[in-house]
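Next up, data15.csv (CSV, N, CA and C atoms):
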chain,number,residue,atom,x,y,z
A,1,MET,N,37.9,-25.0,-23.7
A,1,MET,CA,36.9,-23.9,-23.9
A,1,MET,C,37.7,-22.6,-23.8
A,2,TYR,N,37.2,-21.6,-24.5
A,2,TYR,CA,37.8,-20.3,-24.5
A,2,TYR,C,36.7,-19.2,-24.6
A,3,SER,N,37.1,-18.0,-24.4
A,3,SER,CA,36.2,-16.8,-24.5
A,3,SER,C,36.9,-15.7,-25.3
A,4,VAL,N,36.1,-14.9,-25.9
A,4,VAL,CA,36.6,-13.7,-26.6
A,4,VAL,C,35.9,-12.5,-26.0
A,5,SER,N,36.7,-11.5,-25.7
A,5,SER,CA,36.2,-10.2,-25.1
A,5,SER,C,36.7,-9.1,-25.9
A,6,VAL,N,35.9,-8.1,-26.2
A,6,VAL,CA,36.2,-6.9,-26.9
A,6,VAL,C,35.5,-5.7,-26.3
A,7,ASP,N,36.2,-4.6,-26.0
A,7,ASP,CA,35.5,-3.4,-25.6
A,7,ASP,C,35.6,-2.4,-26.7
A,8,THR,N,34.4,-1.7,-26.9
A,8,THR,CA,34.3,-0.7,-28.0
A,8,THR,C,33.6,0.5,-27.5
A,9,THR,N,34.1,1.7,-27.7
A,9,THR,CA,33.5,2.9,-27.4
A,9,THR,C,32.7,3.4,-28.6
A,10,ILE,N,31.4,3.7,-28.4
A,10,ILE,CA,30.5,4.1,-29.5
A,10,ILE,C,30.0,5.5,-29.2
A,11,LYS,N,30.1,6.4,-30.1
A,11,LYS,CA,29.6,7.8,-29.8
A,11,LYS,C,28.1,7.8,-30.2
A,12,ALA,N,27.4,7.2,-29.3
A,12,ALA,CA,25.9,7.1,-29.4
A,12,ALA,C,25.4,6.8,-28.0
A,13,SER,N,24.1,7.0,-27.7
A,13,SER,CA,23.5,6.7,-26.4
A,13,SER,C,23.4,5.2,-26.2
A,14,GLU,N,23.2,4.8,-25.0
A,14,GLU,CA,23.0,3.4,-24.7
A,14,GLU,C,21.7,2.9,-25.4
A,15,SER,N,20.7,3.8,-25.4
A,15,SER,CA,19.4,3.3,-26.1
A,15,SER,C,19.6,3.1,-27.6
A,16,ALA,N,20.5,3.9,-28.2
A,16,ALA,CA,20.7,3.7,-29.7
A,16,ALA,C,21.5,2.4,-29.9
A,17,VAL,N,22.5,2.1,-29.0
A,17,VAL,CA,23.2,0.8,-29.2
A,17,VAL,C,22.3,-0.4,-28.8
A,18,PHE,N,21.5,-0.2,-27.8
A,18,PHE,CA,20.6,-1.3,-27.4
A,18,PHE,C,19.6,-1.6,-28.6
A,19,LYS,N,19.1,-0.6,-29.2
A,19,LYS,CA,18.2,-0.7,-30.4
A,19,LYS,C,18.9,-1.5,-31.5
A,20,ALA,N,20.2,-1.1,-31.8
A,20,ALA,CA,21.0,-1.8,-32.8
A,20,ALA,C,21.2,-3.2,-32.5
A,21,LEU,N,21.2,-3.6,-31.2
A,21,LEU,CA,21.5,-5.0,-30.8
A,21,LEU,C,20.2,-5.8,-30.8
A,22,THR,N,19.0,-5.2,-30.8
A,22,THR,CA,17.8,-5.9,-30.6
A,22,THR,C,16.8,-5.8,-31.7
A,23,ASN,N,16.9,-4.8,-32.6
A,23,ASN,CA,16.0,-4.6,-33.6
A,23,ASN,C,16.3,-5.4,-34.9
A,24,GLN,N,15.3,-6.1,-35.4
A,24,GLN,CA,15.5,-6.9,-36.6
A,24,GLN,C,16.2,-6.2,-37.7
A,25,LYS,N,15.7,-5.0,-38.0
A,25,LYS,CA,16.2,-4.2,-39.2
A,25,LYS,C,17.7,-3.8,-38.9
A,26,THR,N,18.0,-3.3,-37.7
A,26,THR,CA,19.3,-2.8,-37.5
A,26,THR,C,20.3,-4.0,-37.4
A,27,LEU,N,19.9,-5.1,-36.8
A,27,LEU,CA,20.7,-6.3,-36.8
A,27,LEU,C,21.2,-6.7,-38.2
A,28,SER,N,20.3,-6.6,-39.1
A,28,SER,CA,20.6,-7.0,-40.5
A,28,SER,C,21.6,-6.0,-41.1
A,29,HIS,N,21.8,-4.8,-40.6
A,29,HIS,CA,22.8,-3.8,-41.1
A,29,HIS,C,24.2,-4.1,-40.6
A,30,TRP,N,24.3,-4.7,-39.4
A,30,TRP,CA,25.7,-4.9,-38.9
A,30,TRP,C,26.1,-6.3,-38.7
A,31,PHE,N,25.1,-7.2,-38.5
A,31,PHE,CA,25.5,-8.6,-38.2
A,31,PHE,C,25.3,-9.6,-39.3
A,32,ALA,N,24.1,-9.8,-39.7
A,32,ALA,CA,23.8,-10.8,-40.7
A,32,ALA,C,22.8,-10.2,-41.7
A,33,PRO,N,22.9,-10.5,-43.0
A,33,PRO,CA,22.1,-9.9,-44.0
A,33,PRO,C,20.6,-10.3,-43.8
A,34,GLN,N,20.3,-11.5,-43.3
A,34,GLN,CA,18.9,-11.9,-43.1
A,34,GLN,C,18.7,-12.2,-41.7
A,35,VAL,N,17.7,-11.6,-41.1
A,35,VAL,CA,17.5,-11.7,-39.6
A,35,VAL,C,16.0,-11.9,-39.4
A,36,ILE,N,15.7,-12.8,-38.5
A,36,ILE,CA,14.4,-12.9,-37.9
A,36,ILE,C,14.6,-12.8,-36.4
A,37,ALA,N,14.1,-11.7,-35.8
A,37,ALA,CA,14.4,-11.5,-34.4
A,37,ALA,C,13.2,-10.6,-33.8
A,38,VAL,N,12.9,-11.0,-32.6
A,38,VAL,CA,11.9,-10.3,-31.8
A,38,VAL,C,12.6,-10.0,-30.4
A,39,PRO,N,12.6,-8.7,-30.0
A,39,PRO,CA,13.3,-8.4,-28.7
A,39,PRO,C,12.5,-8.8,-27.5
A,40,VAL,N,12.3,-10.1,-27.3
A,40,VAL,CA,11.6,-10.6,-26.1
A,40,VAL,C,12.4,-11.8,-25.6
A,41,GLU,N,12.6,-11.8,-24.3
A,41,GLU,CA,13.3,-12.9,-23.6
A,41,GLU,C,12.7,-14.2,-23.9
A,42,GLY,N,13.5,-15.2,-24.2
A,42,GLY,CA,13.0,-16.6,-24.5
A,42,GLY,C,12.7,-16.9,-26.0
A,43,THR,N,12.7,-15.8,-26.8
A,43,THR,CA,12.6,-16.1,-28.2
A,43,THR,C,13.9,-16.5,-28.8
A,44,VAL,N,13.8,-17.0,-30.0
A,44,VAL,CA,15.1,-17.5,-30.8
A,44,VAL,C,15.2,-16.6,-32.0
A,45,ALA,N,16.3,-16.0,-32.2
A,45,ALA,CA,16.6,-15.2,-33.4
A,45,ALA,C,17.3,-16.0,-34.4
A,46,ALA,N,17.0,-15.9,-35.6
A,46,ALA,CA,17.7,-16.6,-36.7
A,46,ALA,C,18.5,-15.7,-37.5
A,47,PHE,N,19.7,-16.0,-37.8
A,47,PHE,CA,20.6,-15.2,-38.6
A,47,PHE,C,21.1,-16.0,-39.8
A,48,ALA,N,21.0,-15.5,-41.0
A,48,ALA,CA,21.4,-16.2,-42.2
A,48,ALA,C,22.4,-15.3,-42.9
A,49,PHE,N,23.5,-15.9,-43.3
A,49,PHE,CA,24.6,-15.2,-44.0
A,49,PHE,C,24.6,-15.7,-45.5
A,50,GLU,N,25.3,-14.9,-46.4
A,50,GLU,CA,25.3,-15.3,-47.8
A,50,GLU,C,25.9,-16.6,-48.1
A,51,PHE,N,26.9,-17.0,-47.3
A,51,PHE,CA,27.5,-18.3,-47.6
A,51,PHE,C,26.8,-19.5,-47.0
A,52,ASP,N,25.5,-19.3,-46.8
A,52,ASP,CA,24.7,-20.4,-46.4
A,52,ASP,C,24.9,-20.9,-45.0
A,53,LEU,N,25.5,-20.0,-44.2
A,53,LEU,CA,25.7,-20.3,-42.8
A,53,LEU,C,24.6,-19.7,-42.0
A,54,ASN,N,24.0,-20.5,-41.1
A,54,ASN,CA,22.8,-20.0,-40.3
A,54,ASN,C,23.1,-20.3,-38.8
A,55,PHE,N,22.7,-19.3,-38.0
A,55,PHE,CA,22.8,-19.4,-36.6
A,55,PHE,C,21.4,-19.1,-36.0
A,56,LYS,N,21.2,-19.7,-34.8
A,56,LYS,CA,20.0,-19.4,-34.0
A,56,LYS,C,20.5,-19.1,-32.6
A,57,MET,N,20.1,-18.0,-32.1
A,57,MET,CA,20.5,-17.5,-30.8
A,57,MET,C,19.2,-17.3,-30.0
A,58,GLU,N,19.2,-18.0,-28.8
A,58,GLU,CA,18.1,-17.7,-27.9
A,58,GLU,C,18.4,-16.4,-27.2
A,59,LEU,N,17.4,-15.6,-27.0
A,59,LEU,CA,17.5,-14.3,-26.3
A,59,LEU,C,17.2,-14.7,-24.8
A,60,VAL,N,18.3,-14.9,-24.1
A,60,VAL,CA,18.3,-15.3,-22.7
A,60,VAL,C,17.8,-14.2,-21.8
A,61,ARG,N,18.4,-13.0,-21.9
A,61,ARG,CA,18.1,-11.9,-21.0
A,61,ARG,C,18.2,-10.6,-21.7
A,62,LEU,N,17.3,-9.7,-21.4
A,62,LEU,CA,17.3,-8.3,-21.9
A,62,LEU,C,17.2,-7.4,-20.7
A,63,LEU,N,18.0,-6.4,-20.6
A,63,LEU,CA,17.9,-5.3,-19.6
A,63,LEU,C,18.0,-4.0,-20.5
A,64,GLU,N,16.9,-3.4,-20.6
A,64,GLU,CA,16.8,-2.2,-21.6
A,64,GLU,C,18.0,-1.3,-21.3
A,65,ASP,N,18.7,-1.0,-22.4
A,65,ASP,CA,19.8,0.0,-22.5
A,65,ASP,C,21.0,-0.5,-21.6
A,66,LYS,N,21.0,-1.7,-21.2
A,66,LYS,CA,22.1,-2.2,-20.3
A,66,LYS,C,22.7,-3.6,-20.8
A,67,LEU,N,21.9,-4.5,-21.2
A,67,LEU,CA,22.4,-5.9,-21.5
A,67,LEU,C,21.6,-6.6,-22.5
A,68,VAL,N,22.3,-7.3,-23.4
A,68,VAL,CA,21.7,-8.3,-24.3
A,68,VAL,C,22.5,-9.6,-24.2
A,69,HIS,N,21.8,-10.7,-23.9
A,69,HIS,CA,22.4,-12.0,-23.6
A,69,HIS,C,21.8,-13.0,-24.5
A,70,TRP,N,22.7,-13.6,-25.4
A,70,TRP,CA,22.2,-14.6,-26.3
A,70,TRP,C,22.9,-15.9,-25.9
A,71,ARG,N,22.2,-17.1,-26.3
A,71,ARG,CA,22.9,-18.4,-26.2
A,71,ARG,C,22.7,-19.1,-27.5
A,72,CYS,N,23.8,-19.6,-28.1
A,72,CYS,CA,23.7,-20.2,-29.4
A,72,CYS,C,23.0,-21.6,-29.3
A,73,VAL,N,21.9,-21.8,-30.0
A,73,VAL,CA,21.2,-23.0,-30.0
A,73,VAL,C,21.3,-23.8,-31.3
A,74,GLU,N,21.9,-23.1,-32.3
A,74,GLU,CA,22.1,-23.8,-33.6
A,74,GLU,C,23.1,-23.0,-34.4
A,75,GLY,N,24.0,-23.8,-35.1
A,75,GLY,CA,25.0,-23.1,-35.9
A,75,GLY,C,26.3,-24.0,-35.9
A,76,TYR,N,27.5,-23.3,-35.9
A,76,TYR,CA,28.7,-24.0,-35.8
A,76,TYR,C,28.7,-24.9,-34.5
A,77,LYS,N,29.2,-26.1,-34.7
A,77,LYS,CA,29.2,-27.0,-33.5
A,77,LYS,C,30.0,-26.4,-32.4
A,78,GLU,N,31.1,-25.6,-32.7
A,78,GLU,CA,32.0,-25.0,-31.7
A,78,GLU,C,31.3,-23.9,-31.0
A,79,TRP,N,30.2,-23.4,-31.5
A,79,TRP,CA,29.4,-22.3,-30.9
A,79,TRP,C,28.2,-22.8,-30.0
A,80,LEU,N,27.8,-24.1,-30.2
A,80,LEU,CA,26.6,-24.6,-29.5
A,80,LEU,C,26.8,-24.4,-28.0
A,81,ASP,N,25.7,-23.8,-27.4
A,81,ASP,CA,25.6,-23.5,-26.0
A,81,ASP,C,26.6,-22.4,-25.5
A,82,SER,N,27.3,-21.8,-26.5
A,82,SER,CA,28.1,-20.6,-26.1
A,82,SER,C,27.2,-19.4,-25.7
A,83,GLU,N,27.8,-18.5,-25.0
A,83,GLU,CA,27.0,-17.3,-24.5
A,83,GLU,C,27.6,-16.1,-25.1
A,84,VAL,N,26.7,-15.2,-25.6
A,84,VAL,CA,27.1,-13.9,-26.2
A,84,VAL,C,26.5,-12.8,-25.3
A,85,LEU,N,27.4,-12.0,-24.8
A,85,LEU,CA,26.9,-10.9,-23.9
A,85,LEU,C,27.3,-9.5,-24.5
A,86,PHE,N,26.4,-8.6,-24.5
A,86,PHE,CA,26.6,-7.2,-24.9
A,86,PHE,C,26.2,-6.4,-23.6
A,87,LYS,N,27.2,-5.9,-22.9
A,87,LYS,CA,26.9,-5.0,-21.8
A,87,LYS,C,27.2,-3.6,-22.1
A,88,LEU,N,26.3,-2.7,-21.8
A,88,LEU,CA,26.4,-1.3,-22.1
A,88,LEU,C,26.6,-0.5,-20.9
A,89,GLU,N,27.6,0.4,-21.0
A,89,GLU,CA,28.0,1.3,-19.9
A,89,GLU,C,28.0,2.7,-20.4
A,90,PRO,N,27.2,3.6,-19.7
A,90,PRO,CA,27.2,5.0,-20.2
A,90,PRO,C,28.6,5.7,-19.9
A,91,LEU,N,29.0,6.5,-20.9
A,91,LEU,CA,30.1,7.4,-20.8
A,91,LEU,C,29.6,8.8,-21.2
A,92,PRO,N,30.4,9.8,-20.9
A,92,PRO,CA,30.0,11.2,-21.4
A,92,PRO,C,29.9,11.2,-22.9
A,93,GLU,N,28.7,11.4,-23.5
A,93,GLU,CA,28.5,11.5,-24.9
A,93,GLU,C,28.8,10.2,-25.7
A,94,SER,N,28.9,9.1,-25.0
A,94,SER,CA,29.1,7.8,-25.7
A,94,SER,C,28.7,6.6,-24.8
A,95,THR,N,28.9,5.4,-25.4
A,95,THR,CA,28.6,4.2,-24.6
A,95,THR,C,29.8,3.3,-24.8
A,96,LEU,N,30.1,2.7,-23.7
A,96,LEU,CA,31.2,1.6,-23.7
A,96,LEU,C,30.4,0.3,-23.8
A,97,LEU,N,30.7,-0.4,-24.9
A,97,LEU,CA,30.2,-1.8,-25.1
A,97,LEU,C,31.2,-2.8,-24.7
A,98,HIS,N,30.9,-3.6,-23.7
A,98,HIS,CA,31.7,-4.7,-23.2
A,98,HIS,C,31.1,-5.9,-23.9
A,99,PHE,N,31.8,-6.5,-24.8
A,99,PHE,CA,31.3,-7.7,-25.5
A,99,PHE,C,32.1,-8.9,-25.1
A,100,GLU,N,31.4,-10.0,-24.9
A,100,GLU,CA,32.0,-11.3,-24.6
A,100,GLU,C,31.3,-12.5,-25.2
A,101,HIS,N,32.0,-13.3,-25.8
A,101,HIS,CA,31.5,-14.6,-26.4
A,101,HIS,C,32.2,-15.7,-25.6
A,102,ALA,N,31.5,-16.4,-24.8
A,102,ALA,CA,32.1,-17.3,-23.8
A,102,ALA,C,31.7,-18.8,-24.1
A,103,ASN,N,32.4,-19.7,-23.5
A,103,ASN,CA,32.2,-21.1,-23.6
A,103,ASN,C,32.3,-21.7,-25.0
A,104,LEU,N,33.2,-21.2,-25.8
A,104,LEU,CA,33.5,-21.6,-27.1
A,104,LEU,C,34.4,-22.9,-27.1
A,105,MET,N,34.1,-23.8,-28.0
A,105,MET,CA,35.0,-25.0,-28.2
A,105,MET,C,36.0,-24.7,-29.3
A,106,ASN,N,37.0,-25.6,-29.3
A,106,ASN,CA,38.0,-25.6,-30.4
A,106,ASN,C,38.8,-24.2,-30.5
A,107,ASP,N,39.7,-24.1,-29.5
A,107,ASP,CA,40.4,-22.8,-29.5
A,107,ASP,C,41.4,-22.6,-30.6
A,108,GLU,N,41.5,-23.6,-31.5
A,108,GLU,CA,42.2,-23.4,-32.8
A,108,GLU,C,41.6,-22.3,-33.6
A,109,LYS,N,40.3,-22.0,-33.4
A,109,LYS,CA,39.6,-21.0,-34.2
A,109,LYS,C,39.5,-19.7,-33.5
A,110,LYS,N,40.2,-19.5,-32.4
A,110,LYS,CA,40.1,-18.3,-31.6
A,110,LYS,C,40.4,-17.1,-32.4
A,111,GLU,N,41.5,-17.1,-33.1
A,111,GLU,CA,41.9,-15.9,-33.9
A,111,GLU,C,40.8,-15.5,-34.9
A,112,LYS,N,40.3,-16.5,-35.6
A,112,LYS,CA,39.2,-16.2,-36.5
A,112,LYS,C,38.0,-15.7,-35.9
A,113,THR,N,37.6,-16.2,-34.7
A,113,THR,CA,36.5,-15.7,-33.9
A,113,THR,C,36.7,-14.3,-33.5
A,114,ILE,N,37.9,-14.0,-33.0
A,114,ILE,CA,38.2,-12.6,-32.6
A,114,ILE,C,38.1,-11.6,-33.8
A,115,SER,N,38.7,-12.0,-34.9
A,115,SER,CA,38.6,-11.2,-36.1
A,115,SER,C,37.2,-11.0,-36.6
A,116,SER,N,36.4,-12.0,-36.6
A,116,SER,CA,35.0,-11.9,-37.0
A,116,SER,C,34.2,-11.0,-36.1
A,117,TRP,N,34.3,-11.2,-34.8
A,117,TRP,CA,33.5,-10.3,-33.9
A,117,TRP,C,34.0,-8.9,-34.0
A,118,THR,N,35.3,-8.7,-34.1
A,118,THR,CA,35.8,-7.3,-34.2
A,118,THR,C,35.3,-6.6,-35.4
A,119,GLY,N,35.2,-7.3,-36.5
A,119,GLY,CA,34.6,-6.8,-37.7
A,119,GLY,C,33.1,-6.4,-37.5
A,120,TYR,N,32.3,-7.3,-36.9
A,120,TYR,CA,30.9,-7.1,-36.7
A,120,TYR,C,30.7,-5.9,-35.7
A,121,LEU,N,31.6,-5.8,-34.7
A,121,LEU,CA,31.4,-4.7,-33.7
A,121,LEU,C,31.8,-3.4,-34.4
A,122,ASN,N,32.8,-3.4,-35.3
A,122,ASN,CA,33.1,-2.1,-36.0
A,122,ASN,C,31.9,-1.7,-36.9
A,123,LYS,N,31.2,-2.6,-37.5
A,123,LYS,CA,30.1,-2.3,-38.3
A,123,LYS,C,29.0,-1.7,-37.4
A,124,LEU,N,28.8,-2.3,-36.2
A,124,LEU,CA,27.8,-1.8,-35.2
A,124,LEU,C,28.2,-0.4,-34.8
A,125,LYS,N,29.4,-0.2,-34.5
A,125,LYS,CA,29.9,1.2,-34.1
A,125,LYS,C,29.6,2.2,-35.3
A,126,GLN,N,29.9,1.9,-36.5
A,126,GLN,CA,29.7,2.8,-37.6
A,126,GLN,C,28.2,3.0,-37.8
A,127,LEU,N,27.4,2.0,-37.7
A,127,LEU,CA,25.9,2.2,-37.8
A,127,LEU,C,25.4,3.1,-36.7
A,128,CYS,N,25.7,2.9,-35.5
A,128,CYS,CA,25.2,3.7,-34.4
A,128,CYS,C,25.7,5.1,-34.5
A,129,GLU,N,26.9,5.3,-34.9
A,129,GLU,CA,27.4,6.7,-35.0
A,129,GLU,C,27.0,7.5,-36.2
A,130,ALA,N,26.5,6.8,-37.2
A,130,ALA,CA,26.1,7.4,-38.5
A,130,ALA,C,24.6,7.6,-38.6
A,131,ASP,N,23.8,6.7,-38.1
A,131,ASP,CA,22.4,6.6,-38.3
A,131,ASP,C,21.6,7.4,-37.3
A,132,SER,N,21.1,8.6,-37.8
A,132,SER,CA,20.4,9.5,-36.8
A,132,SER,C,19.1,8.9,-36.3
A,133,SER,N,18.5,8.0,-37.1
A,133,SER,CA,17.3,7.4,-36.6
A,133,SER,C,17.4,6.5,-35.4
A,134,ILE,N,18.6,6.0,-35.1
A,134,ILE,CA,18.8,5.2,-33.9
A,134,ILE,C,19.8,5.9,-32.9
A,135,LYS,N,20.4,7.0,-33.3
A,135,LYS,CA,21.4,7.6,-32.5
A,135,LYS,C,20.9,8.0,-31.1
A,136,GLY,N,19.7,8.5,-31.0
A,136,GLY,CA,19.1,8.9,-29.8
A,136,GLY,C,19.8,9.9,-29.0

Output the file's structure as structure tokens, nothing else.
Amino acid sequence: MYSVSVDTTIKASESAVFKALTNQKTLSHWFAPQVIAVPVEGTVAAFAFEFDLNFKMELVRLLEDKLVHWRCVEGYKEWLDSEVLFKLEPLPESTLLHFEHANLMNDEKKEKTISSWTGYLNKLKQLCEADSSIKG
């Protein structure tokens, strides 16, 4: 088993980043083109990508403007039961996002996983920094 961790500084408030992590519309702008998600603990969000890959993530825990915690319940077998954490820390005029994807199987895919998440987090950063409706 292995984990992937990435820290990203985003020039937006914690509430803007939290919204981008939990809102169905904003999730579709940075993570997956098709999203069904409700920001309520215990619900399962569905993410569909163009290449016919689908994931389902249980929303394990939400702490407003602080934490989003997902658990993979369907998708790549290497991701099943893995944990995805987005921890938000306030900084002057920005937010530090501590990202971790833990309990992953098949460490041969580690570099691909790091590359994929880095790309998604860069899209998240661009969205939060550019979109005045979520910037807060």

Val44 in chain A surroundings by all atoms listed in the file, 5 Å radius, close-in-sequence under 6 positions cut, as a JSON list (two decimals) with N, CA and C atoms, in the frame of the given file:
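File written: selection.json
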[["chain", "number", "residue", "atom", "x", "y", "z"],
["A", 57, "MET", "N", 20.10, -18.00, -32.10],
["A", 57, "MET", "CA", 20.50, -17.50, -30.80],
["A", 57, "MET", "C", 19.20, -17.30, -30.00],
["A", 58, "GLU", "N", 19.20, -18.00, -28.80],
["A", 58, "GLU", "CA", 18.10, -17.70, -27.90],
["A", 58, "GLU", "C", 18.40, -16.40, -27.20],
["A", 59, "LEU", "N", 17.40, -15.60, -27.00],
["A", 59, "LEU", "CA", 17.50, -14.30, -26.30],
["A", 59, "LEU", "C", 17.20, -14.70, -24.80]]

So that I can check the surroundings of Leu127 in chain A, please list as number ranges by chain every protein, DNA and RNA residue that reaches within 12 Å of it, counting only C-alpha atoms and ignoring chain neighbours fewer than 4 positions away. A: 10-12, 16-17, 19-21, 25-31, 120-123, 131-135

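Residues lying within 6 Å of His98 in chain A, counting all atoms listed in the file and ignoring same-chain neighbours fewer than 3 positions away, are A:Val6, A:Asp7, A:Thr8, A:Leu85, A:Phe86, A:Lys87, A:Leu88, A:Glu89.
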
Pairwise distance, atom C of Phe99 in chain A with atom C of Glu50 in chain A, equals 25.0 Å

Expressed in Å, the length from atom N of Thr43 in chain A to CA of Leu97 in chain A is 22.5 Å

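With only C-alpha atoms as the atoms that count, the residue of A:Thr113, A:Asn23, A:Ser13, A:Pro33 with the shortest distance to Ser94 in chain A is A:Ser13.
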
Name the closest residue to His101 in chain A among the candidates A:Glu83, A:Glu14, A:Glu41, A:Asp65; distances are taken between atoms, counting all atoms listed in the file.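 Nearest to His101 in chain A: A:Glu83.
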
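The nearest approach to Arg61 in chain A among the residues A:Val40, A:Leu96, A:Ala48, A:Lys77, with all atoms listed in the file taken into account, belongs to A:Val40.
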
Taking the chain letters and numbering used in this document, name the residues of range 12-133 of chain A that DSSP puts in helix (DSSP H, G or I), as a short mmCIF file (atom, residue, chain, number, x, y, z; two decimals) with N, CA and C atoms, in the frame of the given file.
data_model
loop_
_atom_site.label_atom_id
_atom_site.label_comp_id
_atom_site.auth_asym_id
_atom_site.auth_seq_id
_atom_site.Cartn_x
_atom_site.Cartn_y
_atom_site.Cartn_z
N GLU A 14 23.20 4.80 -25.00
CA GLU A 14 23.00 3.40 -24.70
C GLU A 14 21.70 2.90 -25.40
N SER A 15 20.70 3.80 -25.40
CA SER A 15 19.40 3.30 -26.10
C SER A 15 19.60 3.10 -27.60
N ALA A 16 20.50 3.90 -28.20
CA ALA A 16 20.70 3.70 -29.70
C ALA A 16 21.50 2.40 -29.90
N VAL A 17 22.50 2.10 -29.00
CA VAL A 17 23.20 0.80 -29.20
C VAL A 17 22.30 -0.40 -28.80
N PHE A 18 21.50 -0.20 -27.80
CA PHE A 18 20.60 -1.30 -27.40
C PHE A 18 19.60 -1.60 -28.60
N LYS A 19 19.10 -0.60 -29.20
CA LYS A 19 18.20 -0.70 -30.40
C LYS A 19 18.90 -1.50 -31.50
N ALA A 20 20.20 -1.10 -31.80
CA ALA A 20 21.00 -1.80 -32.80
C ALA A 20 21.20 -3.20 -32.50
N LEU A 21 21.20 -3.60 -31.20
CA LEU A 21 21.50 -5.00 -30.80
C LEU A 21 20.20 -5.80 -30.80
N THR A 22 19.00 -5.20 -30.80
CA THR A 22 17.80 -5.90 -30.60
C THR A 22 16.80 -5.80 -31.70
N GLN A 24 15.30 -6.10 -35.40
CA GLN A 24 15.50 -6.90 -36.60
C GLN A 24 16.20 -6.20 -37.70
N LYS A 25 15.70 -5.00 -38.00
CA LYS A 25 16.20 -4.20 -39.20
C LYS A 25 17.70 -3.80 -38.90
N THR A 26 18.00 -3.30 -37.70
CA THR A 26 19.30 -2.80 -37.50
C THR A 26 20.30 -4.00 -37.40
N LEU A 27 19.90 -5.10 -36.80
CA LEU A 27 20.70 -6.30 -36.80
C LEU A 27 21.20 -6.70 -38.20
N SER A 28 20.30 -6.60 -39.10
CA SER A 28 20.60 -7.00 -40.50
C SER A 28 21.60 -6.00 -41.10
N HIS A 29 21.80 -4.80 -40.60
CA HIS A 29 22.80 -3.80 -41.10
C HIS A 29 24.20 -4.10 -40.60
N TRP A 30 24.30 -4.70 -39.40
CA TRP A 30 25.70 -4.90 -38.90
C TRP A 30 26.10 -6.30 -38.70
N LYS A 77 29.20 -26.10 -34.70
CA LYS A 77 29.20 -27.00 -33.50
C LYS A 77 30.00 -26.40 -32.40
N GLU A 78 31.10 -25.60 -32.70
CA GLU A 78 32.00 -25.00 -31.70
C GLU A 78 31.30 -23.90 -31.00
N TRP A 79 30.20 -23.40 -31.50
CA TRP A 79 29.40 -22.30 -30.90
C TRP A 79 28.20 -22.80 -30.00
N ASP A 107 39.70 -24.10 -29.50
CA ASP A 107 40.40 -22.80 -29.50
C ASP A 107 41.40 -22.60 -30.60
N GLU A 108 41.50 -23.60 -31.50
CA GLU A 108 42.20 -23.40 -32.80
C GLU A 108 41.60 -22.30 -33.60
N LYS A 109 40.30 -22.00 -33.40
CA LYS A 109 39.60 -21.00 -34.20
C LYS A 109 39.50 -19.70 -33.50
N LYS A 110 40.20 -19.50 -32.40
CA LYS A 110 40.10 -18.30 -31.60
C LYS A 110 40.40 -17.10 -32.40
N GLU A 111 41.50 -17.10 -33.10
CA GLU A 111 41.90 -15.90 -33.90
C GLU A 111 40.80 -15.50 -34.90
N LYS A 112 40.30 -16.50 -35.60
CA LYS A 112 39.20 -16.20 -36.50
C LYS A 112 38.00 -15.70 -35.90
N THR A 113 37.60 -16.20 -34.70
CA THR A 113 36.50 -15.70 -33.90
C THR A 113 36.70 -14.30 -33.50
N ILE A 114 37.90 -14.00 -33.00
CA ILE A 114 38.20 -12.60 -32.60
C ILE A 114 38.10 -11.60 -33.80
N SER A 115 38.70 -12.00 -34.90
CA SER A 115 38.60 -11.20 -36.10
C SER A 115 37.20 -11.00 -36.60
N SER A 116 36.40 -12.00 -36.60
CA SER A 116 35.00 -11.90 -37.00
C SER A 116 34.20 -11.00 -36.10
N TRP A 117 34.30 -11.20 -34.80
CA TRP A 117 33.50 -10.30 -33.90
C TRP A 117 34.00 -8.90 -34.00
N THR A 118 35.30 -8.70 -34.10
CA THR A 118 35.80 -7.30 -34.20
C THR A 118 35.30 -6.60 -35.40
N GLY A 119 35.20 -7.30 -36.50
CA GLY A 119 34.60 -6.80 -37.70
C GLY A 119 33.10 -6.40 -37.50
N TYR A 120 32.30 -7.30 -36.90
CA TYR A 120 30.90 -7.10 -36.70
C TYR A 120 30.70 -5.90 -35.70
N LEU A 121 31.60 -5.80 -34.70
CA LEU A 121 31.40 -4.70 -33.70
C LEU A 121 31.80 -3.40 -34.40
N ASN A 122 32.80 -3.40 -35.30
CA ASN A 122 33.10 -2.10 -36.00
C ASN A 122 31.90 -1.70 -36.90
N LYS A 123 31.20 -2.60 -37.50
CA LYS A 123 30.10 -2.30 -38.30
C LYS A 123 29.00 -1.70 -37.40
N LEU A 124 28.80 -2.30 -36.20
CA LEU A 124 27.80 -1.80 -35.20
C LEU A 124 28.20 -0.40 -34.80
N LYS A 125 29.40 -0.20 -34.50
CA LYS A 125 29.90 1.20 -34.10
C LYS A 125 29.60 2.20 -35.30
N GLN A 126 29.90 1.90 -36.50
CA GLN A 126 29.70 2.80 -37.60
C GLN A 126 28.20 3.00 -37.80
N LEU A 127 27.40 2.00 -37.70
CA LEU A 127 25.90 2.20 -37.80
C LEU A 127 25.40 3.10 -36.70
N CYS A 128 25.70 2.90 -35.50
CA CYS A 128 25.20 3.70 -34.40
C CYS A 128 25.70 5.10 -34.50
N GLU A 129 26.90 5.30 -34.90
CA GLU A 129 27.40 6.70 -35.00
C GLU A 129 27.00 7.50 -36.20
N ALA A 130 26.50 6.80 -37.20
CA ALA A 130 26.10 7.40 -38.50
C ALA A 130 24.60 7.60 -38.60
N SER A 132 21.10 8.60 -37.80
CA SER A 132 20.40 9.50 -36.80
C SER A 132 19.10 8.90 -36.30
N SER A 133 18.50 8.00 -37.10
CA SER A 133 17.30 7.40 -36.60
C SER A 133 17.40 6.50 -35.40
#

Residue list as a PyMOL selection string for point (10.9, -13.4, -39.0), cut-off 10 Å, only C-alpha atoms:
chain A and resi 24+34-38+45-47

Report the distance between CA of Met1 in chain A and atom C of Leu63 in chain A in Å, rounded to one decimal place.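 Interatomic distance, CA of Met1 in chain A to atom C of Leu63 in chain A: 27.7 Å.
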